[in-house]
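Structure below is model-v9.pdb: PDB, C-alpha atoms, pLDDT in the B column.
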```
ATOM      1  CA  MET A   1       0.000   0.000   0.000  1.00 59.00           C
ATOM      2  CA  ILE A   2       2.738   2.467   0.969  1.00 62.00           C
ATOM      3  CA  ARG A   3       4.789   1.401  -2.037  1.00 50.00           C
ATOM      4  CA  THR A   4       1.815   1.986  -4.365  1.00 52.00           C
ATOM      5  CA  ALA A   5       1.215   5.431  -2.856  1.00 49.00           C
ATOM      6  CA  PHE A   6       4.913   6.259  -3.226  1.00 44.00           C
ATOM      7  CA  LEU A   7       4.971   5.174  -6.885  1.00 44.00           C
ATOM      8  CA  ALA A   8       1.796   7.153  -7.604  1.00 52.00           C
ATOM      9  CA  ALA A   9       3.309  10.260  -5.994  1.00 50.00           C
ATOM     10  CA  LEU A  10       6.519   9.761  -7.963  1.00 45.00           C
ATOM     11  CA  ALA A  11       4.552   9.497 -11.209  1.00 50.00           C
ATOM     12  CA  LEU A  12       2.706  12.739 -10.424  1.00 46.00           C
ATOM     13  CA  VAL A  13       5.978  14.538  -9.746  1.00 43.00           C
ATOM     14  CA  ALA A  14       7.427  13.256 -13.039  1.00 47.00           C
ATOM     15  CA  LEU A  15       4.364  14.444 -14.939  1.00 45.00           C
ATOM     16  CA  ALA A  16       4.563  17.837 -13.263  1.00 45.00           C
ATOM     17  CA  LEU A  17       8.134  18.405 -14.482  1.00 40.00           C
ATOM     18  CA  PRO A  18       8.489  20.554 -17.586  1.00 41.00           C
ATOM     19  CA  ALA A  19       8.888  18.571 -20.788  1.00 38.00           C
ATOM     20  CA  GLU A  20      12.491  19.791 -21.171  1.00 34.00           C
ATOM     21  CA  ALA A  21      13.447  18.297 -17.815  1.00 37.00           C
ATOM     22  CA  ARG A  22      11.803  14.958 -18.608  1.00 34.00           C
ATOM     23  CA  ARG A  23      13.592  14.660 -21.969  1.00 37.00           C
ATOM     24  CA  HIS A  24      17.014  15.630 -20.675  1.00 36.00           C
ATOM     25  CA  HIS A  25      18.309  12.069 -20.508  1.00 36.00           C
ATOM     26  CA  ARG A  26      17.647  11.614 -24.221  1.00 47.00           C
ATOM     27  CA  HIS A  27      20.418  14.057 -25.059  1.00 45.00           C
ATOM     28  CA  SER A  28      22.762  13.181 -22.193  1.00 55.00           C
ATOM     29  CA  SER A  29      25.544  12.120 -24.580  1.00 84.00           C
ATOM     30  CA  ALA A  30      24.879  14.981 -26.993  1.00 92.00           C
ATOM     31  CA  THR A  31      27.200  17.874 -27.659  1.00 96.00           C
ATOM     32  CA  ILE A  32      25.408  21.197 -27.935  1.00 96.00           C
ATOM     33  CA  VAL A  33      27.023  23.369 -30.603  1.00 96.00           C
ATOM     34  CA  SER A  34      26.501  26.985 -31.611  1.00 96.00           C
ATOM     35  CA  HIS A  35      23.428  28.165 -33.479  1.00 95.00           C
ATOM     36  CA  PRO A  36      23.975  27.893 -37.255  1.00 96.00           C
ATOM     37  CA  SER A  37      25.188  31.222 -38.628  1.00 95.00           C
ATOM     38  CA  GLY A  38      22.574  33.129 -40.630  1.00 96.00           C
ATOM     39  CA  CYS A  39      19.643  30.967 -39.473  1.00 96.00           C
ATOM     40  CA  PRO A  40      16.465  32.187 -37.783  1.00 95.00           C
ATOM     41  CA  ALA A  41      15.903  31.687 -34.051  1.00 93.00           C
ATOM     42  CA  ARG A  42      12.960  29.317 -34.606  1.00 91.00           C
ATOM     43  CA  ALA A  43      12.230  26.485 -37.024  1.00 91.00           C
ATOM     44  CA  PHE A  44      15.814  26.359 -38.264  1.00 96.00           C
ATOM     45  CA  CYS A  45      16.555  22.667 -38.873  1.00 97.00           C
ATOM     46  CA  GLY A  46      16.530  23.064 -42.672  1.00 97.00           C
ATOM     47  CA  CYS A  47      18.658  26.196 -42.542  1.00 97.00           C
ATOM     48  CA  GLY A  48      21.124  24.524 -40.162  1.00 97.00           C
ATOM     49  CA  ALA A  49      21.394  21.479 -42.408  1.00 98.00           C
ATOM     50  CA  ALA A  50      22.085  23.769 -45.388  1.00 98.00           C
ATOM     51  CA  VAL A  51      24.853  25.549 -43.466  1.00 97.00           C
ATOM     52  CA  ARG A  52      26.393  22.178 -42.553  1.00 97.00           C
ATOM     53  CA  VAL A  53      26.176  20.767 -46.117  1.00 97.00           C
ATOM     54  CA  PHE A  54      26.700  23.869 -48.291  1.00 97.00           C
ATOM     55  CA  GLY A  55      28.512  26.196 -45.880  1.00 97.00           C
ATOM     56  CA  ARG A  56      25.779  28.845 -46.007  1.00 97.00           C
ATOM     57  CA  PRO A  57      22.049  29.272 -45.374  1.00 97.00           C
ATOM     58  CA  VAL A  58      19.991  28.381 -48.445  1.00 97.00           C
ATOM     59  CA  ARG A  59      16.608  30.076 -48.068  1.00 97.00           C
ATOM     60  CA  GLU A  60      14.625  27.560 -50.155  1.00 97.00           C
ATOM     61  CA  LEU A  61      15.858  24.726 -47.889  1.00 97.00           C
ATOM     62  CA  TRP A  62      14.586  26.241 -44.641  1.00 96.00           C
ATOM     63  CA  LEU A  63      11.420  24.139 -44.989  1.00 96.00           C
ATOM     64  CA  ALA A  64      12.129  20.494 -44.272  1.00 96.00           C
ATOM     65  CA  ARG A  65       9.839  19.297 -47.070  1.00 96.00           C
ATOM     66  CA  ASN A  66      11.991  21.078 -49.666  1.00 97.00           C
ATOM     67  CA  TRP A  67      14.836  18.626 -48.984  1.00 98.00           C
ATOM     68  CA  PHE A  68      12.739  15.905 -50.667  1.00 98.00           C
ATOM     69  CA  LYS A  69      13.738  17.428 -54.040  1.00 97.00           C
ATOM     70  CA  PHE A  70      17.188  15.833 -53.765  1.00 97.00           C
ATOM     71  CA  PRO A  71      17.803  12.314 -55.080  1.00 97.00           C
ATOM     72  CA  ARG A  72      17.328   9.393 -52.702  1.00 98.00           C
ATOM     73  CA  THR A  73      20.432   7.570 -51.555  1.00 98.00           C
ATOM     74  CA  SER A  74      21.550   4.967 -49.072  1.00 97.00           C
ATOM     75  CA  PRO A  75      22.690   6.210 -45.661  1.00 98.00           C
ATOM     76  CA  ARG A  76      26.250   7.612 -45.725  1.00 98.00           C
ATOM     77  CA  ALA A  77      28.174  10.426 -44.086  1.00 98.00           C
ATOM     78  CA  GLY A  78      27.125  13.728 -45.638  1.00 97.00           C
ATOM     79  CA  ALA A  79      23.669  12.515 -46.627  1.00 98.00           C
ATOM     80  CA  VAL A  80      20.591  14.132 -45.081  1.00 98.00           C
ATOM     81  CA  ALA A  81      17.720  12.429 -43.272  1.00 98.00           C
ATOM     82  CA  VAL A  82      14.408  14.113 -43.988  1.00 98.00           C
ATOM     83  CA  ARG A  83      10.772  13.689 -43.033  1.00 97.00           C
ATOM     84  CA  ARG A  84       7.883  16.094 -42.633  1.00 93.00           C
ATOM     85  CA  HIS A  85       8.959  18.989 -40.413  1.00 95.00           C
ATOM     86  CA  HIS A  86      12.546  17.884 -39.669  1.00 97.00           C
ATOM     87  CA  VAL A  87      15.940  17.245 -41.289  1.00 98.00           C
ATOM     88  CA  PHE A  88      19.415  16.425 -39.987  1.00 98.00           C
ATOM     89  CA  VAL A  89      22.822  15.615 -41.475  1.00 98.00           C
ATOM     90  CA  LEU A  90      24.365  12.148 -41.132  1.00 98.00           C
ATOM     91  CA  GLU A  91      27.915  12.363 -39.809  1.00 98.00           C
ATOM     92  CA  GLN A  92      29.051   8.861 -38.740  1.00 98.00           C
ATOM     93  CA  HIS A  93      27.428   5.432 -38.655  1.00 98.00           C
ATOM     94  CA  ILE A  94      27.239   3.944 -35.155  1.00 97.00           C
ATOM     95  CA  GLY A  95      25.436   0.681 -35.908  1.00 97.00           C
ATOM     96  CA  GLY A  96      22.080  -0.533 -37.177  1.00 97.00           C
ATOM     97  CA  ASP A  97      19.895   2.501 -37.811  1.00 97.00           C
ATOM     98  CA  LEU A  98      21.835   4.706 -35.354  1.00 98.00           C
ATOM     99  CA  TRP A  99      23.952   7.538 -36.688  1.00 98.00           C
ATOM    100  CA  GLN A 100      25.910  10.367 -35.133  1.00 98.00           C
ATOM    101  CA  VAL A 101      24.159  13.383 -36.631  1.00 98.00           C
ATOM    102  CA  TYR A 102      24.293  17.152 -36.853  1.00 98.00           C
ATOM    103  CA  ASP A 103      20.805  18.051 -35.690  1.00 98.00           C
ATOM    104  CA  ALA A 104      19.879  21.740 -35.829  1.00 97.00           C
ATOM    105  CA  ASN A 105      16.802  22.612 -33.766  1.00 95.00           C
ATOM    106  CA  SER A 106      16.802  19.174 -32.162  1.00 93.00           C
ATOM    107  CA  GLY A 107      14.764  20.355 -29.193  1.00 91.00           C
ATOM    108  CA  GLY A 108      14.690  23.427 -27.011  1.00 93.00           C
ATOM    109  CA  ARG A 109      16.013  25.484 -29.957  1.00 93.00           C
ATOM    110  CA  GLN A 110      19.397  23.796 -29.543  1.00 96.00           C
ATOM    111  CA  THR A 111      21.719  22.369 -32.158  1.00 97.00           C
ATOM    112  CA  ARG A 112      23.216  19.048 -31.146  1.00 97.00           C
ATOM    113  CA  ILE A 113      25.628  16.471 -32.416  1.00 98.00           C
ATOM    114  CA  HIS A 114      24.210  13.238 -31.050  1.00 97.00           C
ATOM    115  CA  ALA A 115      23.194   9.671 -31.810  1.00 98.00           C
ATOM    116  CA  ARG A 116      19.871   9.400 -33.583  1.00 97.00           C
ATOM    117  CA  SER A 117      17.876   6.705 -35.313  1.00 98.00           C
ATOM    118  CA  ILE A 118      17.185   7.231 -39.006  1.00 98.00           C
ATOM    119  CA  ALA A 119      14.173   4.884 -38.890  1.00 98.00           C
ATOM    120  CA  GLY A 120      11.235   6.522 -40.654  1.00 97.00           C
ATOM    121  CA  TYR A 121      13.392   9.079 -42.465  1.00 98.00           C
ATOM    122  CA  THR A 122      14.059   9.365 -46.179  1.00 98.00           C
ATOM    123  CA  ILE A 123      17.771   9.689 -46.928  1.00 98.00           C
ATOM    124  CA  VAL A 124      18.713  12.169 -49.652  1.00 98.00           C
ATOM    125  CA  SER A 125      21.937  13.267 -51.305  1.00 98.00           C
ATOM    126  CA  PRO A 126      22.016  17.079 -51.519  1.00 96.00           C
ATOM    127  CA  THR A 127      25.437  17.036 -53.182  1.00 90.00           C
ATOM    128  CA  GLY A 128      24.502  14.425 -55.781  1.00 83.00           C
ATOM    129  CA  ALA A 129      27.061  11.909 -54.483  1.00 75.00           C
ATOM    130  CA  SER A 130      25.843   8.339 -54.094  1.00 65.00           C
TER     131      SER A 130
END
```

Using the file provided, produce a representation of the structure as structure tokens.
Amino acid sequence: MIRTAFLAALALVALALPAEARRHHRHSSATIVSHPSGCPARAFCGCGAAVRVFGRPVRELWLARNWFKFPRTSPRAGAVAVRRHHVFVLEQHIGGDLWQVYDANSGGRQTRIHARSIAGYTIVSPTGAS
């Protein structure tokens, strides 16, 4: 009975925490890097990916869906993972569907280099390399 009450109280405390605090462990091995130069303060994943791939912001790539215009490719360093509303750049294969990625606007308006699954993403080649 006391254990059940304790677990219920613990669950309520966890739910009362802000979402940022609850998600913190997800990025515990992430490196937060500076905001991509020339990119807006909000909704900047596409801009950040363009800076990483092309060295500059490319206005037409600020919308994630615009990355679908590039040819599909297999996962490789330098390729970009894209789905509705988010893109990130593949940096190094870790294993399975896990990659070390450059992930602008990966949560809390932060840019991180961290491990991320590419499951559910379309992989494109913005530079045309295969």

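Across A:Ala79, A:Leu98, A:Leu90, A:Ala104, the tightest approach to Arg42 of chain A is made by A:Ala104 when counting all atoms listed in the file.
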
Checklist line | Selection dump of the PyMOL selection byres ((chain A and resi 34) around 12), as a ChimeraX atom specification | finding: /A:31-33,35-39,41,48,52,102-105,109-113

Using only C-alpha atoms, the residue out of A:Gly96, A:Ser29, A:Leu63, A:Val89 with shortest distance to Ala49 of chain A is A:Val89

Q) Leaving out segment 115-123 of chain A and any residue of its chain fewer than 4 positions from it, which residues lie within 9 Å of it when counting only C-alpha atoms, given as a PyMOL selection string? A) chain A and resi 27+29-30+68+71-76+79-84+87+90+94+96-101+103

What box, with edges along x, y and z, holds each listed atom of segment 70-74 of chain A when 4 Å is added on every side, and can you state its centre and edge lengths in Å to one decimal, as AutoDock Vina command-line options?
```
--center_x 19.4 --center_y 10.4 --center_z -52.1 --size_x 12.4 --size_y 18.9 --size_z 14.0
```

If you count all atoms listed in the file, the residue of A:Val53, A:His86, A:Val58, A:Gly107 closest to Ser125 of chain A turns out to be A:Val53

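You will find atom CA of Pro40 of chain A at 28.3 Å from atom CA of Ala129 of chain A.
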
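Atom CA of Ala64 of chain A is positioned 17.7 Å from atom CA of Gly108 of chain A.
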
The distance between atom CA of Gly128 of chain A and atom CA of Phe70 of chain A is 7.7 Å
